[in-house]
Structure formats: structure tokens, C-alpha cells
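Below is one structure; the comments refer to it alone.
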Amino acid sequence: MQKSSSSSYLGPGGLDLTQTFFKPILNTAPPSPTKRHTKISVIGVGNVGMAIAQTILTQDLADEIALVDAKADKLRGEMLDLQHAAAFLPRTKIIASVDYSVTVGSDLCIITAGARQLPGESRLNLLQRNVALFTSIVPPLAKYSPDTILMIVSNPVDILTYVAWKLSRFPSNRVIGSGTNLDSSRFRFLIADHLDVNAQDVQAYIVGEHGDSSVALWSSISVGGVPVLSFLEKQQISYEKETLENIHKDVVNGAYEVISLKGYTSWAIGYSVANLARSILRDQRKIHPVSVLAKGFYGIDGGDVFFSLPAQLGRSGILGVTNIHLTDEEAQRLKDSAKTLIEMQSQLGL
Ligand SMILES: NC(=O)c1ccc[n+]([C@@H]2O[C@H](COP(=O)([O-])OP(=O)(O)OC[C@H]3O[C@@H](n4cnc5c(N)ncnc54)[C@H](O)[C@@H]3O)[C@@H](O)[C@H]2O)c1
């Protein structure tokens, strides 16, 4: 299964030209000790895992990508398909195995493996199945890469990030859920579309639980540095609160709409997670709304709970949580989400 894209093995009997193809340079020095080899592992090669892997590949974010899945044939097929694009891409070693030893020495491990909801199955039952799945994924990842950063994408992402934190016993700065980074990107797209501006000029955050009960931070939206709502108020331009609520509803319904139309979501989550990988591995110190251990921030207490807050990301993972302004209503909604998540977690027996 394990075969690198740079292998010189060719067919039965082999044909190894590495010793004769190039004339060696005399008196070479070893590579600089500061030049690091970056390795990313992606667990689960379904729609989401492969969109993430291929975006990481095209954006040249890793020297080595290791893929792991429980389905050996699918895994080998995906590995070969990516390797066959080598002539068009930056050089990246791509390896795959059902055995977690392939992930050894990873800088970042991205978990997208997940069980799908069965007809009539409760959310709690699905969650329990995913927790069981994580007990077979997280401990081997932690064993083979004790210094890695874990990035959880599988849903329900906030609770599974908590589960990964518990199972790995890693410090909380090294366990991150992709959280509302994608919701916020949908939000920025819709606002940009509404105002006919570039989405990259829109600063806007969705925080809290990924999905239905997420919280849109309206008061902190700015376009090109101009705070939108206070600008409208100062200019006495009236706007309907309902318009804002509808934009948030479109964000929440966005995933359902894509799933009902094409069966799954993939491209946006691929770019969203590759963007997080870049901020972490290249120490970009950018602020992203991601799922973090929220206890102690914004009045959240009463237990360990993960959900999204705007956090600064760098080479050691979460560097800090931004002290953003929340209205009383927004703060209360975060507290309510925390309570619901803690209640669900308490049923997991971890
Ligand atoms: N956080 C987000 O913003 C976000 C966005 C989109 C999707 N998701 C979630 O990502 C997950 C994956 O979605 P998908 O569409 O790729 O699903 P999928 O069914 O296409 O892929 C899941 C993969 O996990 C693999 N798998 C299952 N059990 C495994 C195990 N024990 N070890 C290794 N691999 C295993 C399966 O073989 C499959 O290849 C889902 O939980 C989905 O809800 C999250």
C-alpha cells in the first residue's frame, strides 16, 4: 500500500537509475537543520477528506501527505489518482495505508472520518457511533505523532473536538475544530454578494456551535475597515433586522441546500481547512473562528466545552482568543449553546 510518488521502482524486476542518472556533486553539505519537512495526515478519504487533501496539494502546503481510511481499495485508488497528477503539481510525497504508522511524525492530523446518519437514527446514537470511531483514530495518531496538532472536521464537530481532546490528552492549544470557519466564509460570501464587494474585504464572524444554533456577530462586521452597522446608523440609512436574520438563515441552510442538491459538501470545506492548515503551519497568526476550549472566555463556565470563537492561529496551534465585542444577546446565546453541548457530552461517559 505504501508507495511514494518519488519511488524509482519500475515494474517487476525493478529498474533503479538513481545511482547512474545523476553524477554526484563532491563535498556536499547536509541540508540546513532549520529546513523543515512538513507532513500532513488526512484521516478519512471521503468527499471532505479528498477535497482537503487536493487543496493542500495544489496550494503546496506540505512536503508529505499521508492518507488513512478503513476502506483499503478506496484509499489506494485515491492515493494513485492524486499521485498521477504529479507532473502538474508541486512535488509532494503521497502515501496511504489503513495502518496508522503511515502518519508518523505528522505536523498536522486532519480527521474527516465519520459515520453517516442511518434512517431514523437519533443524533445521540450517531454521536455515540462517532465517539467509538474516534477511540480507534485519535490514540494511534497521538502515539505516532505526539507533537502534532489535531484538526477535527467530522460532525458534530464541536463535541468531537472535545472527544479528541479527551482521548489525545493533548494541551488544548493543539486540538482545534474547523468549527464555524466554513459558516463564516459562507457569511462573508453572502454579505459580499449583497454589497457587491470582494468577500476577502469582508470581516465577519459566525461563532458558537457549528450549524443550526450558530451566532452571527453583526456588530463586528466591517468592509474595508468600515464597521457596517454603525456606518449605516451614522448615515441614518435604515435597514431591516429581518434582512440580517435572513442572511444568517441562508448561512445555516447553506449546507443543507448543497447536500440536498449534490449529496455532500466538499469544495468550500476543502478550501476552509486548507486555509487553517496554512495559518498553522506557516505561522500566519491570522484570526479564524474555530472550535476551541471555550471555558473561561466570554463568561463561559460550568464545564469543558468546545465551540467556535475568533482565535489566532500559528505554529503551536491556538495562540489566543480574540477579545471581540459581544452584545448581551450574543453572549447569552453562546452561554445557552455551551449548556446544551455540556449536557450532550455528559451522556457520552468519557
Ligand atoms: N465541520 C465542517 O464544517 C464539515 C463540513 C462538511 C462535512 N463535515 C463532516 O465531515 C465528515 C466526512 O464527510 P464526507 O462527506 O467526507 O463523508 P464520507 O462518507 O464521504 O467519508 C467518510 C470517510 O470516513 C471513512 N471512515 C469511516 N470509518 C473510519 C475509520 N474507523 N477509520 C478511518 N476511516 C473511516 C469512510 O471509509 C469514508 O471514506 C462528516 O462527519 C461530515 O458531517 C464537516
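Labeling convention for the C-alpha cells: chains A, B, ... as they appear, residues from 1 per chain, ligands from 1 in order of appearance.
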
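Non-sequential neighbours of A:Gln347 (distance at most 12 Å, separation of 6 or more positions within a chain, only C-alpha atoms) are Leu124, Asn125, Leu127, Gln128, Val131, Ile159, Thr340 and Leu341 of chain A.
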
With C-alpha atoms retained, could you export that selection as an mmCIF file, in the first residue's frame?
data_model
loop_
_atom_site.group_PDB
_atom_site.id
_atom_site.type_symbol
_atom_site.label_atom_id
_atom_site.label_comp_id
_atom_site.auth_asym_id
_atom_site.auth_seq_id
_atom_site.Cartn_x
_atom_site.Cartn_y
_atom_site.Cartn_z
ATOM 1 C CA LEU A 124 -27.195 10.945 20.144
ATOM 2 C CA ASN A 125 -26.860 7.459 18.658
ATOM 3 C CA LEU A 127 -22.724 10.742 18.105
ATOM 4 C CA GLN A 128 -22.049 7.594 20.151
ATOM 5 C CA VAL A 131 -17.185 8.607 19.529
ATOM 6 C CA ILE A 159 -18.392 17.633 20.553
ATOM 7 C CA THR A 340 -26.622 22.247 25.502
ATOM 8 C CA LEU A 341 -23.208 20.906 24.445
#

Interface rows for chain A against ligand 1: nearest pair, Å to one decimal, 8 Å, only C-alpha atoms and all ligand atoms, as JSON lines:
{"residue": "A:Ile43", "atom": "CA", "partner": "ligand 1", "partner_atom_place_in_ligand_line": "33 (C)", "distance": 5.9}
{"residue": "A:Gly44", "atom": "CA", "partner": "ligand 1", "partner_atom_place_in_ligand_line": "24 (O)", "distance": 4.0}
{"residue": "A:Val45", "atom": "CA", "partner": "ligand 1", "partner_atom_place_in_ligand_line": "39 (O)", "distance": 4.5}
{"residue": "A:Gly46", "atom": "CA", "partner": "ligand 1", "partner_atom_place_in_ligand_line": "21 (O)", "distance": 3.3}
{"residue": "A:Asn47", "atom": "CA", "partner": "ligand 1", "partner_atom_place_in_ligand_line": "16 (O)", "distance": 3.8}
{"residue": "A:Val48", "atom": "CA", "partner": "ligand 1", "partner_atom_place_in_ligand_line": "16 (O)", "distance": 3.7}
{"residue": "A:Gly49", "atom": "CA", "partner": "ligand 1", "partner_atom_place_in_ligand_line": "16 (O)", "distance": 5.5}
{"residue": "A:Met50", "atom": "CA", "partner": "ligand 1", "partner_atom_place_in_ligand_line": "16 (O)", "distance": 7.5}
{"residue": "A:Val68", "atom": "CA", "partner": "ligand 1", "partner_atom_place_in_ligand_line": "33 (C)", "distance": 6.0}
{"residue": "A:Asp69", "atom": "CA", "partner": "ligand 1", "partner_atom_place_in_ligand_line": "34 (N)", "distance": 3.6}
{"residue": "A:Ala70", "atom": "CA", "partner": "ligand 1", "partner_atom_place_in_ligand_line": "33 (C)", "distance": 4.2}
{"residue": "A:Lys71", "atom": "CA", "partner": "ligand 1", "partner_atom_place_in_ligand_line": "37 (O)", "distance": 5.1}
{"residue": "A:Lys74", "atom": "CA", "partner": "ligand 1", "partner_atom_place_in_ligand_line": "39 (O)", "distance": 7.4}
{"residue": "A:Leu75", "atom": "CA", "partner": "ligand 1", "partner_atom_place_in_ligand_line": "39 (O)", "distance": 7.8}
{"residue": "A:Val98", "atom": "CA", "partner": "ligand 1", "partner_atom_place_in_ligand_line": "33 (C)", "distance": 7.4}
{"residue": "A:Thr112", "atom": "CA", "partner": "ligand 1", "partner_atom_place_in_ligand_line": "11 (C)", "distance": 4.7}
{"residue": "A:Ala113", "atom": "CA", "partner": "ligand 1", "partner_atom_place_in_ligand_line": "24 (O)", "distance": 3.4}
{"residue": "A:Gly114", "atom": "CA", "partner": "ligand 1", "partner_atom_place_in_ligand_line": "41 (O)", "distance": 4.3}
{"residue": "A:Ala115", "atom": "CA", "partner": "ligand 1", "partner_atom_place_in_ligand_line": "27 (C)", "distance": 5.7}
{"residue": "A:Arg116", "atom": "CA", "partner": "ligand 1", "partner_atom_place_in_ligand_line": "19 (O)", "distance": 6.2}
{"residue": "A:Leu133", "atom": "CA", "partner": "ligand 1", "partner_atom_place_in_ligand_line": "31 (N)", "distance": 5.0}
{"residue": "A:Phe134", "atom": "CA", "partner": "ligand 1", "partner_atom_place_in_ligand_line": "31 (N)", "distance": 7.3}
{"residue": "A:Ser136", "atom": "CA", "partner": "ligand 1", "partner_atom_place_in_ligand_line": "31 (N)", "distance": 6.3}
{"residue": "A:Ile137", "atom": "CA", "partner": "ligand 1", "partner_atom_place_in_ligand_line": "32 (N)", "distance": 6.3}
{"residue": "A:Ile152", "atom": "CA", "partner": "ligand 1", "partner_atom_place_in_ligand_line": "1 (N)", "distance": 7.4}
{"residue": "A:Val153", "atom": "CA", "partner": "ligand 1", "partner_atom_place_in_ligand_line": "1 (N)", "distance": 4.2}
{"residue": "A:Ser154", "atom": "CA", "partner": "ligand 1", "partner_atom_place_in_ligand_line": "41 (O)", "distance": 3.6}
{"residue": "A:Asn155", "atom": "CA", "partner": "ligand 1", "partner_atom_place_in_ligand_line": "41 (O)", "distance": 4.0}
{"residue": "A:Pro156", "atom": "CA", "partner": "ligand 1", "partner_atom_place_in_ligand_line": "41 (O)", "distance": 6.8}
{"residue": "A:Val157", "atom": "CA", "partner": "ligand 1", "partner_atom_place_in_ligand_line": "1 (N)", "distance": 5.4}
{"residue": "A:Gly177", "atom": "CA", "partner": "ligand 1", "partner_atom_place_in_ligand_line": "1 (N)", "distance": 7.3}
{"residue": "A:Ser178", "atom": "CA", "partner": "ligand 1", "partner_atom_place_in_ligand_line": "1 (N)", "distance": 5.4}
{"residue": "A:Gly179", "atom": "CA", "partner": "ligand 1", "partner_atom_place_in_ligand_line": "1 (N)", "distance": 5.5}
{"residue": "A:Thr180", "atom": "CA", "partner": "ligand 1", "partner_atom_place_in_ligand_line": "3 (O)", "distance": 6.6}
{"residue": "A:Asn181", "atom": "CA", "partner": "ligand 1", "partner_atom_place_in_ligand_line": "3 (O)", "distance": 7.2}
{"residue": "A:Leu182", "atom": "CA", "partner": "ligand 1", "partner_atom_place_in_ligand_line": "3 (O)", "distance": 5.5}
{"residue": "A:Asp183", "atom": "CA", "partner": "ligand 1", "partner_atom_place_in_ligand_line": "3 (O)", "distance": 7.2}
{"residue": "A:His210", "atom": "CA", "partner": "ligand 1", "partner_atom_place_in_ligand_line": "1 (N)", "distance": 7.1}
{"residue": "A:Ala255", "atom": "CA", "partner": "ligand 1", "partner_atom_place_in_ligand_line": "6 (C)", "distance": 7.8}
{"residue": "A:Tyr264", "atom": "CA", "partner": "ligand 1", "partner_atom_place_in_ligand_line": "15 (O)", "distance": 5.3}
{"residue": "A:Thr265", "atom": "CA", "partner": "ligand 1", "partner_atom_place_in_ligand_line": "6 (C)", "distance": 5.4}
{"residue": "A:Ser266", "atom": "CA", "partner": "ligand 1", "partner_atom_place_in_ligand_line": "6 (C)", "distance": 6.4}
{"residue": "A:Ile269", "atom": "CA", "partner": "ligand 1", "partner_atom_place_in_ligand_line": "5 (C)", "distance": 5.4}

Just C-alpha atoms for this one: save the residues we selected as a PDB file, in the first residue's frame.
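File produced: again.pdb:
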ATOM      1  CA  ILE A  43      -7.916  10.571   8.129  1.00  0.00           C
ATOM      2  CA  GLY A  44     -10.955   9.641   6.050  1.00  0.00           C
ATOM      3  CA  VAL A  45     -10.732   9.849   2.260  1.00  0.00           C
ATOM      4  CA  GLY A  46     -14.408  10.542   1.573  1.00  0.00           C
ATOM      5  CA  ASN A  47     -15.700  13.651  -0.178  1.00  0.00           C
ATOM      6  CA  VAL A  48     -14.443  16.021   2.505  1.00  0.00           C
ATOM      7  CA  GLY A  49     -11.071  14.379   3.167  1.00  0.00           C
ATOM      8  CA  MET A  50     -10.194  14.283  -0.532  1.00  0.00           C
ATOM      9  CA  VAL A  68      -5.686   6.840   6.143  1.00  0.00           C
ATOM     10  CA  ASP A  69      -9.094   5.216   5.743  1.00  0.00           C
ATOM     11  CA  ALA A  70     -10.765   1.989   6.800  1.00  0.00           C
ATOM     12  CA  LYS A  71     -11.553   1.057   3.168  1.00  0.00           C
ATOM     13  CA  LYS A  74     -10.871   3.240  -1.990  1.00  0.00           C
ATOM     14  CA  LEU A  75      -7.786   4.511  -0.148  1.00  0.00           C
ATOM     15  CA  VAL A  98      -5.030   1.548   6.667  1.00  0.00           C
ATOM     16  CA  THR A 112     -12.681  13.779   8.497  1.00  0.00           C
ATOM     17  CA  ALA A 113     -13.689  10.137   9.082  1.00  0.00           C
ATOM     18  CA  GLY A 114     -17.250   9.878  10.180  1.00  0.00           C
ATOM     19  CA  ALA A 115     -20.203   7.536  10.314  1.00  0.00           C
ATOM     20  CA  ARG A 116     -23.261   8.681   8.350  1.00  0.00           C
ATOM     21  CA  LEU A 133     -14.848   5.593  15.800  1.00  0.00           C
ATOM     22  CA  PHE A 134     -12.685   8.323  17.381  1.00  0.00           C
ATOM     23  CA  SER A 136      -9.849   3.892  17.172  1.00  0.00           C
ATOM     24  CA  ILE A 137      -8.446   7.013  15.427  1.00  0.00           C
ATOM     25  CA  ILE A 152     -11.238  17.893  13.677  1.00  0.00           C
ATOM     26  CA  VAL A 153     -13.690  18.250  10.793  1.00  0.00           C
ATOM     27  CA  SER A 154     -16.089  15.297  11.345  1.00  0.00           C
ATOM     28  CA  ASN A 155     -19.515  16.238  12.669  1.00  0.00           C
ATOM     29  CA  PRO A 156     -20.807  17.089  15.197  1.00  0.00           C
ATOM     30  CA  VAL A 157     -17.515  18.951  15.082  1.00  0.00           C
ATOM     31  CA  GLY A 177     -12.173  22.008  15.412  1.00  0.00           C
ATOM     32  CA  SER A 178     -12.772  23.510  11.965  1.00  0.00           C
ATOM     33  CA  GLY A 179     -15.948  24.824  13.624  1.00  0.00           C
ATOM     34  CA  THR A 180     -17.581  27.884  12.076  1.00  0.00           C
ATOM     35  CA  ASN A 181     -14.664  28.768   9.770  1.00  0.00           C
ATOM     36  CA  LEU A 182     -16.811  27.459   6.904  1.00  0.00           C
ATOM     37  CA  ASP A 183     -20.030  29.097   8.207  1.00  0.00           C
ATOM     38  CA  HIS A 210     -21.217  24.833  14.085  1.00  0.00           C
ATOM     39  CA  ALA A 255     -25.002  23.234   3.988  1.00  0.00           C
ATOM     40  CA  TYR A 264     -22.469  16.236   0.232  1.00  0.00           C
ATOM     41  CA  THR A 265     -20.380  19.387   0.669  1.00  0.00           C
ATOM     42  CA  SER A 266     -16.745  19.342  -0.361  1.00  0.00           C
ATOM     43  CA  ILE A 269     -14.745  22.842   3.369  1.00  0.00           C
TER      44      ILE A 269
END

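Distance-wise, atom CA of A:Asp328 and atom CA of A:Arg186 end up 24.5 Å apart.
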
Neighbours of stretch 144-149 of chain A within 12 Å (only C-alpha atoms; same-chain residues fewer than 2 positions away dropped), as a ChimeraX atom specification? /A:38-41,99-111,137-142,151-152,161,164-165,168-177,276-277,280-281,313-318

Can I get the selection written as a tab-separated table (two decimals), in the first residue's frame, with N, CA and C atoms?
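Once written, result26.tsv looks like this:
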chain	number	residue	atom	x	y	z
A	38	THR	N	7.48	19.25	6.09
A	38	THR	CA	6.13	19.39	6.64
A	38	THR	C	5.26	18.21	6.22
A	39	LYS	N	4.65	17.59	7.20
A	39	LYS	CA	3.82	16.42	6.90
A	39	LYS	C	2.40	16.61	7.44
A	40	ILE	N	1.43	16.37	6.57
A	40	ILE	CA	0.02	16.45	6.98
A	40	ILE	C	-0.62	15.09	6.76
A	41	SER	N	-1.36	14.62	7.74
A	41	SER	CA	-2.13	13.38	7.57
A	41	SER	C	-3.61	13.71	7.49
A	99	ASP	N	-3.03	1.41	8.05
A	99	ASP	CA	-2.26	1.34	9.30
A	99	ASP	C	-1.78	2.75	9.68
A	100	TYR	N	-2.03	3.13	10.94
A	100	TYR	CA	-1.71	4.50	11.37
A	100	TYR	C	-0.22	4.81	11.43
A	101	SER	N	0.62	3.76	11.31
A	101	SER	CA	2.06	4.04	11.35
A	101	SER	C	2.47	4.95	10.18
A	102	VAL	N	1.65	4.98	9.12
A	102	VAL	CA	1.93	5.83	7.96
A	102	VAL	C	1.90	7.33	8.34
A	103	THR	N	1.25	7.65	9.46
A	103	THR	CA	1.11	9.06	9.86
A	103	THR	C	2.29	9.55	10.72
A	104	VAL	N	3.26	8.67	10.98
A	104	VAL	CA	4.32	9.00	11.94
A	104	VAL	C	4.98	10.35	11.63
A	105	GLY	N	5.17	11.15	12.66
A	105	GLY	CA	5.86	12.44	12.51
A	105	GLY	C	5.04	13.52	11.82
A	106	SER	N	3.70	13.44	11.89
A	106	SER	CA	2.87	14.47	11.24
A	106	SER	C	2.91	15.77	12.02
A	107	ASP	N	2.92	16.88	11.28
A	107	ASP	CA	2.80	18.20	11.93
A	107	ASP	C	1.34	18.52	12.20
A	108	LEU	N	0.49	18.02	11.29
A	108	LEU	CA	-0.95	18.30	11.41
A	108	LEU	C	-1.71	17.04	11.02
A	109	CYS	N	-2.68	16.63	11.84
A	109	CYS	CA	-3.55	15.49	11.51
A	109	CYS	C	-4.97	15.99	11.39
A	110	ILE	N	-5.56	15.79	10.23
A	110	ILE	CA	-6.91	16.30	9.97
A	110	ILE	C	-7.88	15.12	9.95
A	111	ILE	N	-8.85	15.11	10.86
A	111	ILE	CA	-9.77	13.97	10.94
A	111	ILE	C	-11.10	14.31	10.26
A	137	ILE	N	-9.21	6.09	16.29
A	137	ILE	CA	-8.45	7.01	15.43
A	137	ILE	C	-7.47	7.88	16.24
A	138	VAL	N	-7.99	8.53	17.30
A	138	VAL	CA	-7.18	9.54	18.00
A	138	VAL	C	-5.98	8.95	18.75
A	139	PRO	N	-6.15	7.86	19.56
A	139	PRO	CA	-4.97	7.36	20.28
A	139	PRO	C	-3.81	6.96	19.36
A	140	PRO	N	-4.05	6.24	18.22
A	140	PRO	CA	-2.89	5.96	17.35
A	140	PRO	C	-2.25	7.20	16.74
A	141	LEU	N	-3.07	8.20	16.42
A	141	LEU	CA	-2.48	9.44	15.88
A	141	LEU	C	-1.57	10.08	16.92
A	142	ALA	N	-2.05	10.12	18.18
A	142	ALA	CA	-1.26	10.72	19.26
A	142	ALA	C	0.01	9.91	19.52
A	151	MET	N	-6.71	18.52	13.94
A	151	MET	CA	-7.76	19.37	13.38
A	151	MET	C	-8.97	18.48	13.11
A	152	ILE	N	-10.06	18.75	13.81
A	152	ILE	CA	-11.24	17.89	13.68
A	152	ILE	C	-12.23	18.55	12.72
A	161	THR	N	-14.51	17.47	18.78
A	161	THR	CA	-13.24	18.13	19.13
A	161	THR	C	-12.97	17.93	20.62
A	164	ALA	N	-11.82	14.37	20.98
A	164	ALA	CA	-10.42	14.22	20.54
A	164	ALA	C	-9.46	14.79	21.59
A	165	TRP	N	-9.86	15.88	22.22
A	165	TRP	CA	-9.03	16.49	23.27
A	165	TRP	C	-8.88	15.53	24.44
A	168	SER	N	-6.83	12.31	23.29
A	168	SER	CA	-5.41	12.55	22.97
A	168	SER	C	-4.61	12.95	24.21
A	169	ARG	N	-5.30	13.56	25.18
A	169	ARG	CA	-4.65	14.15	26.36
A	169	ARG	C	-3.66	15.25	25.95
A	170	PHE	N	-3.88	15.86	24.78
A	170	PHE	CA	-3.03	16.96	24.33
A	170	PHE	C	-3.42	18.24	25.05
A	171	PRO	N	-2.51	19.21	25.14
A	171	PRO	CA	-2.93	20.52	25.64
A	171	PRO	C	-3.94	21.13	24.66
A	172	SER	N	-4.85	21.96	25.17
A	172	SER	CA	-5.97	22.41	24.34
A	172	SER	C	-5.54	23.27	23.15
A	173	ASN	N	-4.33	23.87	23.19
A	173	ASN	CA	-3.91	24.67	22.03
A	173	ASN	C	-3.63	23.81	20.80
A	174	ARG	N	-3.48	22.48	21.02
A	174	ARG	CA	-3.16	21.59	19.90
A	174	ARG	C	-4.35	20.73	19.45
A	175	VAL	N	-5.56	21.08	19.92
A	175	VAL	CA	-6.76	20.37	19.46
A	175	VAL	C	-7.77	21.42	18.98
A	176	ILE	N	-8.01	21.43	17.68
A	176	ILE	CA	-8.79	22.51	17.07
A	176	ILE	C	-9.90	21.90	16.21
A	177	GLY	N	-11.09	22.45	16.31
A	177	GLY	CA	-12.17	22.01	15.41
A	177	GLY	C	-12.34	23.03	14.29
A	276	LEU	N	-6.89	26.98	7.11
A	276	LEU	CA	-6.49	26.82	8.51
A	276	LEU	C	-5.11	26.18	8.59
A	277	ALA	N	-4.88	25.18	7.72
A	277	ALA	CA	-3.58	24.49	7.71
A	277	ALA	C	-2.47	25.48	7.39
A	280	ILE	N	-1.68	27.70	10.39
A	280	ILE	CA	-0.98	26.98	11.45
A	280	ILE	C	0.47	26.69	11.03
A	281	LEU	N	0.62	26.02	9.90
A	281	LEU	CA	1.95	25.51	9.53
A	281	LEU	C	2.90	26.61	9.08
A	313	LEU	N	-4.32	31.79	15.05
A	313	LEU	CA	-3.66	30.52	14.77
A	313	LEU	C	-2.22	30.72	14.33
A	314	GLY	N	-1.34	29.85	14.85
A	314	GLY	CA	0.06	29.89	14.47
A	314	GLY	C	0.67	28.51	14.62
A	315	ARG	N	1.99	28.44	14.58
A	315	ARG	CA	2.68	27.15	14.52
A	315	ARG	C	2.41	26.26	15.73
A	316	SER	N	2.05	26.85	16.89
A	316	SER	CA	1.74	25.98	18.02
A	316	SER	C	0.22	25.78	18.17
A	317	GLY	N	-0.52	26.09	17.14
A	317	GLY	CA	-1.97	25.85	17.19
A	317	GLY	C	-2.71	27.13	17.56
A	318	ILE	N	-3.54	27.02	18.63
A	318	ILE	CA	-4.28	28.21	19.09
A	318	ILE	C	-3.33	29.08	19.90

Excluding stretch 192-209 of chain A and any residue of its chain fewer than 2 positions from it, enumerate the residues within 6 Å of it, using only C-alpha atoms, and give them as JSON, numbers by chain. {"A": [184, 188, 189, 190, 213, 214, 215, 216, 217, 221, 222, 223, 224, 307, 308, 309, 334]}

Can you list every residue in stretch 64-185 of chain A that DSSP puts in helix (DSSP H, G or I), as a ChimeraX atom specification? /A:72-83,86-88,100-103,123-144,157-168,172-174,181-185
